[in-house]
$ cat query06.pdb   # PDB, C-alpha atoms, pLDDT in the B column
MODEL        1
ATOM      1  CA  MET E   1      21.585   6.665  21.954  1.00 66.00           C
ATOM      2  CA  ILE E   2      24.476   5.446  24.074  1.00 78.00           C
ATOM      3  CA  ILE E   3      24.547   1.644  24.026  1.00 88.00           C
ATOM      4  CA  GLY E   4      26.595   0.787  27.121  1.00 91.00           C
ATOM      5  CA  ARG E   5      28.656  -2.287  27.897  1.00 92.00           C
ATOM      6  CA  HIS E   6      26.174  -4.495  29.741  1.00 95.00           C
ATOM      7  CA  THR E   7      22.883  -6.102  28.723  1.00 95.00           C
ATOM      8  CA  ASP E   8      20.036  -7.713  30.602  1.00 96.00           C
ATOM      9  CA  SER E   9      18.491 -11.107  29.870  1.00 96.00           C
ATOM     10  CA  LYS E  10      16.184  -9.482  27.287  1.00 96.00           C
ATOM     11  CA  GLY E  11      19.177  -8.096  25.385  1.00 95.00           C
ATOM     12  CA  ARG E  12      18.566  -4.463  26.375  1.00 96.00           C
ATOM     13  CA  SER E  13      21.768  -2.468  26.793  1.00 96.00           C
ATOM     14  CA  THR E  14      22.449  -0.225  29.761  1.00 97.00           C
ATOM     15  CA  GLY E  15      21.880   2.795  27.512  1.00 95.00           C
ATOM     16  CA  GLU E  16      18.506   1.424  26.456  1.00 96.00           C
ATOM     17  CA  ARG E  17      17.593   0.791  30.079  1.00 97.00           C
ATOM     18  CA  ILE E  18      18.477   4.387  31.032  1.00 96.00           C
ATOM     19  CA  THR E  19      16.437   5.708  28.093  1.00 94.00           C
ATOM     20  CA  ALA E  20      13.423   3.613  29.136  1.00 95.00           C
ATOM     21  CA  VAL E  21      13.232   5.169  32.632  1.00 95.00           C
ATOM     22  CA  GLN E  22      10.085   7.288  32.903  1.00 93.00           C
ATOM     23  CA  ARG E  23      10.210  10.358  35.114  1.00 92.00           C
ATOM     24  CA  ALA E  24       8.268  13.621  35.247  1.00 92.00           C
ATOM     25  CA  GLY E  25      10.035  16.720  34.017  1.00 90.00           C
ATOM     26  CA  GLU E  26      12.420  17.382  31.183  1.00 89.00           C
ATOM     27  CA  PRO E  27      13.967  14.395  29.365  1.00 89.00           C
ATOM     28  CA  LEU E  28      17.656  13.732  29.870  1.00 92.00           C
ATOM     29  CA  THR E  29      20.066  15.597  27.663  1.00 94.00           C
ATOM     30  CA  ASP E  30      22.497  13.568  25.554  1.00 94.00           C
ATOM     31  CA  THR E  31      25.253  14.456  28.024  1.00 95.00           C
ATOM     32  CA  GLU E  32      23.159  13.292  30.989  1.00 95.00           C
ATOM     33  CA  GLN E  33      22.182  10.115  29.103  1.00 95.00           C
ATOM     34  CA  ALA E  34      25.842   9.298  28.465  1.00 95.00           C
ATOM     35  CA  ALA E  35      26.812  10.046  32.078  1.00 96.00           C
ATOM     36  CA  ALA E  36      23.989   7.896  33.499  1.00 97.00           C
ATOM     37  CA  THR E  37      24.952   5.028  31.183  1.00 97.00           C
ATOM     38  CA  ARG E  38      28.616   5.272  32.224  1.00 97.00           C
ATOM     39  CA  LEU E  39      27.576   5.285  35.889  1.00 97.00           C
ATOM     40  CA  LEU E  40      25.342   2.241  35.420  1.00 98.00           C
ATOM     41  CA  ASP E  41      28.112   0.393  33.551  1.00 97.00           C
ATOM     42  CA  ALA E  42      30.622   1.200  36.309  1.00 97.00           C
ATOM     43  CA  MET E  43      28.236  -0.051  38.988  1.00 97.00           C
ATOM     44  CA  LEU E  44      27.589  -3.233  37.020  1.00 98.00           C
ATOM     45  CA  ASP E  45      31.351  -3.766  36.615  1.00 97.00           C
ATOM     46  CA  ALA E  46      31.635  -3.717  40.412  1.00 97.00           C
ATOM     47  CA  ALA E  47      28.601  -5.992  40.825  1.00 97.00           C
ATOM     48  CA  ALA E  48      29.978  -8.485  38.288  1.00 96.00           C
ATOM     49  CA  ALA E  49      33.039  -8.977  40.485  1.00 96.00           C
ATOM     50  CA  GLN E  50      30.597 -10.366  43.069  1.00 97.00           C
ATOM     51  CA  GLY E  51      28.749 -12.506  40.515  1.00 97.00           C
ATOM     52  CA  VAL E  52      25.748 -10.152  40.397  1.00 97.00           C
ATOM     53  CA  SER E  53      24.080  -9.110  37.142  1.00 96.00           C
ATOM     54  CA  LEU E  54      21.627  -6.393  36.161  1.00 97.00           C
ATOM     55  CA  ASP E  55      18.876  -9.022  36.170  1.00 97.00           C
ATOM     56  CA  ASP E  56      19.735  -9.925  39.765  1.00 97.00           C
ATOM     57  CA  LEU E  57      19.598  -6.283  40.784  1.00 97.00           C
ATOM     58  CA  ASP E  58      16.265  -5.792  39.004  1.00 97.00           C
ATOM     59  CA  TRP E  59      14.688  -8.091  41.592  1.00 97.00           C
ATOM     60  CA  VAL E  60      15.409  -5.626  44.406  1.00 97.00           C
ATOM     61  CA  LEU E  61      15.957  -2.128  42.996  1.00 96.00           C
ATOM     62  CA  ASP E  62      15.687   0.152  39.998  1.00 97.00           C
ATOM     63  CA  LEU E  63      19.390   0.710  39.389  1.00 97.00           C
ATOM     64  CA  PRO E  64      18.930   2.315  35.938  1.00 97.00           C
ATOM     65  CA  GLY E  65      16.380   4.739  37.410  1.00 97.00           C
ATOM     66  CA  GLY E  66      18.647   5.498  40.343  1.00 97.00           C
ATOM     67  CA  CYS E  67      21.588   6.239  38.045  1.00 97.00           C
ATOM     68  CA  ARG E  68      19.402   8.519  35.955  1.00 96.00           C
ATOM     69  CA  ASP E  69      18.149  10.378  39.032  1.00 96.00           C
ATOM     70  CA  VAL E  70      21.629  10.821  40.510  1.00 96.00           C
ATOM     71  CA  ILE E  71      22.989  12.277  37.277  1.00 96.00           C
ATOM     72  CA  ARG E  72      20.001  14.610  36.895  1.00 93.00           C
ATOM     73  CA  ARG E  73      20.352  15.748  40.530  1.00 91.00           C
ATOM     74  CA  SER E  74      24.103  16.320  40.288  1.00 86.00           C
ATOM     75  CA  ARG E  75      23.868  18.625  37.219  1.00 77.00           C
TER      76      ARG E  75
ENDMDL
END
$ encode --input "query06.pdb" --output "structure tokens"
Amino acid sequence: MIIGRHTDSKGRSTGERITAVQRAGEPLTDTEQAAATRLLDAMLDAAAAQGVSLDDLDWVLDLPGGCRDVIRRSR
């Protein structure tokens, strides 16, 4: 599993958050998992510059799920 650079308040890494996303269909490949984790980390880097964390974003959207879906769709 890819760990990722960010964690939430429960100590779950971005890679763990991507892995936990439940969707119908085939599971992510290792390559897709790594790409979705990198995308989520990059988005959280940008959010951190505004003082926003993954926990803040969890209140309004499923960013890990969105990253997973975008990577799956783009492949």
$ resolve_selection --input "query06.pdb" --expression "the PyMOL selection byres ((chain E and resi 13-29) around 6)" --output "MDAnalysis selection string"
chainID E and resid 2:4 6:7 12 30:33 37 64:65
$ residues_around --input "query06.pdb" --residues "E:Ala42" --least-positions-apart "6" --cutoff "10 Å" --atoms "only C-alpha atoms" --output "ChimeraX atom specification"
/E:5-6,36,48
$ atom_distance --input "query06.pdb" --atom1 "atom CA of E:Lys10" --atom2 "atom CA of E:Asp45"
18.7 Å
$ atom_distance --input "query06.pdb" --atom1 "atom CA of E:Arg73" --atom2 "atom CA of E:Leu44"
20.6 Å
$ atom_distance --input "query06.pdb" --atom1 "atom CA of E:Arg72" --atom2 "atom CA of E:Gly51"
28.7 Å
$ closest_residue --input "query06.pdb" --among "E:Ala46, E:Leu57, E:Ala34, E:Leu40" --to "E:Ser9" --atoms "only C-alpha atoms"
E:Leu57
$ axis_aligned_box --input "query06.pdb" --around "stretch 45-60 of chain E" --padding-each-side "3 Å" --output "JSON"
{"center_x": 23.9, "center_y": -8.1, "center_z": 40.3, "size_x": 24.4, "size_y": 14.8, "size_z": 14.2}
$ build_atoms --input "query06.pdb" --residues "stretch 4-28 of chain E" --atoms "N, CA, C and O atoms" --output "JSON list (two decimals), in the frame of the given file"
[["chain", "number", "residue", "atom", "x", "y", "z"],
["E", 4, "GLY", "N", 26.14, 1.34, 25.85],
["E", 4, "GLY", "CA", 26.60, 0.79, 27.12],
["E", 4, "GLY", "C", 27.25, -0.57, 26.93],
["E", 4, "GLY", "O", 27.18, -1.18, 25.87],
["E", 5, "ARG", "N", 27.88, -1.05, 27.99],
["E", 5, "ARG", "CA", 28.66, -2.29, 27.90],
["E", 5, "ARG", "C", 27.93, -3.53, 28.41],
["E", 5, "ARG", "O", 28.36, -4.64, 28.17],
["E", 6, "HIS", "N", 26.87, -3.35, 29.14],
["E", 6, "HIS", "CA", 26.17, -4.50, 29.74],
["E", 6, "HIS", "C", 24.78, -4.64, 29.12],
["E", 6, "HIS", "O", 24.22, -3.67, 28.64],
["E", 7, "THR", "N", 24.25, -5.85, 29.17],
["E", 7, "THR", "CA", 22.88, -6.10, 28.72],
["E", 7, "THR", "C", 22.16, -6.93, 29.78],
["E", 7, "THR", "O", 22.79, -7.60, 30.59],
["E", 8, "ASP", "N", 20.83, -6.87, 29.72],
["E", 8, "ASP", "CA", 20.04, -7.71, 30.60],
["E", 8, "ASP", "C", 19.64, -8.98, 29.85],
["E", 8, "ASP", "O", 20.03, -9.17, 28.69],
["E", 9, "SER", "N", 18.85, -9.83, 30.49],
["E", 9, "SER", "CA", 18.49, -11.11, 29.87],
["E", 9, "SER", "C", 17.59, -10.93, 28.64],
["E", 9, "SER", "O", 17.46, -11.86, 27.85],
["E", 10, "LYS", "N", 17.01, -9.76, 28.47],
["E", 10, "LYS", "CA", 16.18, -9.48, 27.29],
["E", 10, "LYS", "C", 16.99, -8.82, 26.18],
["E", 10, "LYS", "O", 16.45, -8.42, 25.16],
["E", 11, "GLY", "N", 18.31, -8.67, 26.40],
["E", 11, "GLY", "CA", 19.18, -8.10, 25.38],
["E", 11, "GLY", "C", 19.19, -6.58, 25.35],
["E", 11, "GLY", "O", 19.77, -5.99, 24.44],
["E", 12, "ARG", "N", 18.58, -5.94, 26.33],
["E", 12, "ARG", "CA", 18.57, -4.46, 26.38],
["E", 12, "ARG", "C", 19.87, -3.97, 26.99],
["E", 12, "ARG", "O", 20.29, -4.44, 28.05],
["E", 13, "SER", "N", 20.50, -3.01, 26.30],
["E", 13, "SER", "CA", 21.77, -2.47, 26.79],
["E", 13, "SER", "C", 21.51, -1.50, 27.95],
["E", 13, "SER", "O", 20.38, -1.06, 28.17],
["E", 14, "THR", "N", 22.58, -1.18, 28.66],
["E", 14, "THR", "CA", 22.45, -0.22, 29.76],
["E", 14, "THR", "C", 21.95, 1.12, 29.25],
["E", 14, "THR", "O", 21.13, 1.77, 29.92],
["E", 15, "GLY", "N", 22.38, 1.54, 28.08],
["E", 15, "GLY", "CA", 21.88, 2.80, 27.51],
["E", 15, "GLY", "C", 20.39, 2.73, 27.22],
["E", 15, "GLY", "O", 19.65, 3.69, 27.47],
["E", 16, "GLU", "N", 19.94, 1.60, 26.71],
["E", 16, "GLU", "CA", 18.51, 1.42, 26.46],
["E", 16, "GLU", "C", 17.71, 1.42, 27.76],
["E", 16, "GLU", "O", 16.60, 1.96, 27.82],
["E", 17, "ARG", "N", 18.28, 0.82, 28.78],
["E", 17, "ARG", "CA", 17.59, 0.79, 30.08],
["E", 17, "ARG", "C", 17.48, 2.19, 30.67],
["E", 17, "ARG", "O", 16.44, 2.55, 31.23],
["E", 18, "ILE", "N", 18.54, 3.00, 30.55],
["E", 18, "ILE", "CA", 18.48, 4.39, 31.03],
["E", 18, "ILE", "C", 17.42, 5.16, 30.25],
["E", 18, "ILE", "O", 16.61, 5.89, 30.83],
["E", 19, "THR", "N", 17.40, 5.01, 28.94],
["E", 19, "THR", "CA", 16.44, 5.71, 28.09],
["E", 19, "THR", "C", 15.00, 5.33, 28.44],
["E", 19, "THR", "O", 14.10, 6.16, 28.37],
["E", 20, "ALA", "N", 14.77, 4.10, 28.85],
["E", 20, "ALA", "CA", 13.42, 3.61, 29.14],
["E", 20, "ALA", "C", 12.86, 4.12, 30.46],
["E", 20, "ALA", "O", 11.66, 4.02, 30.70],
["E", 21, "VAL", "N", 13.70, 4.68, 31.33],
["E", 21, "VAL", "CA", 13.23, 5.17, 32.63],
["E", 21, "VAL", "C", 12.27, 6.34, 32.41],
["E", 21, "VAL", "O", 12.59, 7.28, 31.70],
["E", 22, "GLN", "N", 11.11, 6.25, 33.02],
["E", 22, "GLN", "CA", 10.09, 7.29, 32.90],
["E", 22, "GLN", "C", 10.07, 8.13, 34.18],
["E", 22, "GLN", "O", 9.90, 7.60, 35.27],
["E", 23, "ARG", "N", 10.28, 9.43, 34.00],
["E", 23, "ARG", "CA", 10.21, 10.36, 35.11],
["E", 23, "ARG", "C", 9.50, 11.62, 34.64],
["E", 23, "ARG", "O", 9.55, 11.97, 33.46],
["E", 24, "ALA", "N", 8.87, 12.33, 35.57],
["E", 24, "ALA", "CA", 8.27, 13.62, 35.25],
["E", 24, "ALA", "C", 9.37, 14.64, 35.00],
["E", 24, "ALA", "O", 10.50, 14.47, 35.47],
["E", 25, "GLY", "N", 9.06, 15.67, 34.27],
["E", 25, "GLY", "CA", 10.04, 16.72, 34.02],
["E", 25, "GLY", "C", 10.68, 16.57, 32.66],
["E", 25, "GLY", "O", 10.26, 15.77, 31.82],
["E", 26, "GLU", "N", 11.71, 17.37, 32.46],
["E", 26, "GLU", "CA", 12.42, 17.38, 31.18],
["E", 26, "GLU", "C", 13.13, 16.06, 30.94],
["E", 26, "GLU", "O", 13.67, 15.45, 31.87],
["E", 27, "PRO", "N", 13.19, 15.60, 29.68],
["E", 27, "PRO", "CA", 13.97, 14.40, 29.36],
["E", 27, "PRO", "C", 15.46, 14.66, 29.57],
["E", 27, "PRO", "O", 15.90, 15.81, 29.59],
["E", 28, "LEU", "N", 16.21, 13.60, 29.72],
["E", 28, "LEU", "CA", 17.66, 13.73, 29.87],
["E", 28, "LEU", "C", 18.27, 14.33, 28.61],
["E", 28, "LEU", "O", 17.83, 14.04, 27.49]]
